[in-house]
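In what follows, a structure is listed as structure tokens, so that the remarks can point back to it.
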Amino acid sequence: MPIGVVLRKTPGATRWAAWHWTASAVLPGAGPADWRVMREEGAAVEYHAATLMLELHGAETEAYLHGISARVPSVYVVMREAVGEAPLEVVLVTASPYEAQDYTDSGEEIVEKVPMPHGLVAWVREFVEEFHEDEVFVKRRRDRKRVDLVEDGIGDPRIGKAADIYASPALKRRRLS
């Protein structure tokens, strides 16, 4: 599904940052955009910065379920600083909180959490209901190998003489006493 990303530019709070950028909204089903001004309120400006495809994968339904069952279901916008005319490059839009967390690990990308519109929540929920399968937890059983046996001093079986085999200090002490 094509998702339009709305970025909001406001004056920075410190002298080191002239502008503060946030992802303020997403537009499901939006057409192509290239930093089109949507609204101006004094010094704050909102841009329809980009339109990207939101892709859902059957293997990630657990993450989508976690995302839509949150108190505020959200979609995540991944951006990075761009070189050129546009100040930011919108890299990805995802409904998976797990994938968004992976992008925060490097520190190179900016990840913004944006509330998901109701129609998009319904679309993701329908996908999850169709493809999600709960994985049954299977506790593995221990093998019957004896772990209490002492194998102190066993070395390489290719060495023929017993004197050449490594002996632990505890074994040597027992031999001396």
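Convention: chains lettered A, B, ... in structure tokens order; per-chain residue numbering from 1; ligands numbered from 1 as shown.
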What parts of chain A does DSSP call alpha helix (DSSP H)? I'd like the answer as a PyMOL selection string.
chain A and resi 61-68+97-104+118-131+169-176
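Neighbouring residues of range 94-100 of chain A at 7 Å or closer, counting only C-alpha atoms and skipping chain neighbours under 4 positions away, are Leu54, Ala63, Tyr64, Gly67, Ser74, Val75, Tyr76, Val77, Thr104 and Val111 of chain A.
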Give me, as a tab-separated table, the closest atom pair and its distance (Å, one decimal) for every residue of range 53-124 of chain A within a cut-off of 10 Å of range 2-21 of chain A, counting only C-alpha atoms, rows sorted by chain and rising number.
residue	atom	partner	partner_atom	distance
A:Met53	CA	A:Pro2	CA	4.4
A:Leu54	CA	A:Pro2	CA	6.0
A:Glu55	CA	A:Pro2	CA	8.8
A:Val77	CA	A:Val5	CA	7.8
A:Pro87	CA	A:Trp21	CA	9.2
A:Leu88	CA	A:Trp21	CA	8.7
A:Val90	CA	A:Val5	CA	8.1
A:Leu92	CA	A:Val5	CA	9.9
A:Val93	CA	A:Ile3	CA	7.6
A:Thr94	CA	A:Ile3	CA	9.8
A:Ile110	CA	A:Trp21	CA	9.9
A:Glu112	CA	A:Trp21	CA	9.9
A:Val114	CA	A:Val5	CA	9.6
A:Leu120	CA	A:Ile3	CA	9.7
Give the strand (DSSP E or B) residues of range 92-136 of chain A, as assigned by DSSP on the backbone, as a PyMOL selection string.
chain A and resi 92-94+110-115
Residue subset to file, keeping C-alpha atoms, as a PDB file, in the first residue's frame:
ATOM      1  CA  LEU A  92      11.302   3.180   4.889  1.00  0.00           C
ATOM      2  CA  VAL A  93       7.794   2.998   6.291  1.00  0.00           C
ATOM      3  CA  THR A  94       7.085  -0.120   8.363  1.00  0.00           C
ATOM      4  CA  ILE A 110      16.176   8.677  12.497  1.00  0.00           C
ATOM      5  CA  VAL A 111      13.156   6.555  13.437  1.00  0.00           C
ATOM      6  CA  GLU A 112       9.866   8.306  14.150  1.00  0.00           C
ATOM      7  CA  LYS A 113       6.752   6.656  15.580  1.00  0.00           C
ATOM      8  CA  VAL A 114       3.561   7.963  13.960  1.00  0.00           C
ATOM      9  CA  PRO A 115       0.020   6.990  15.039  1.00  0.00           C
TER      10      PRO A 115
END
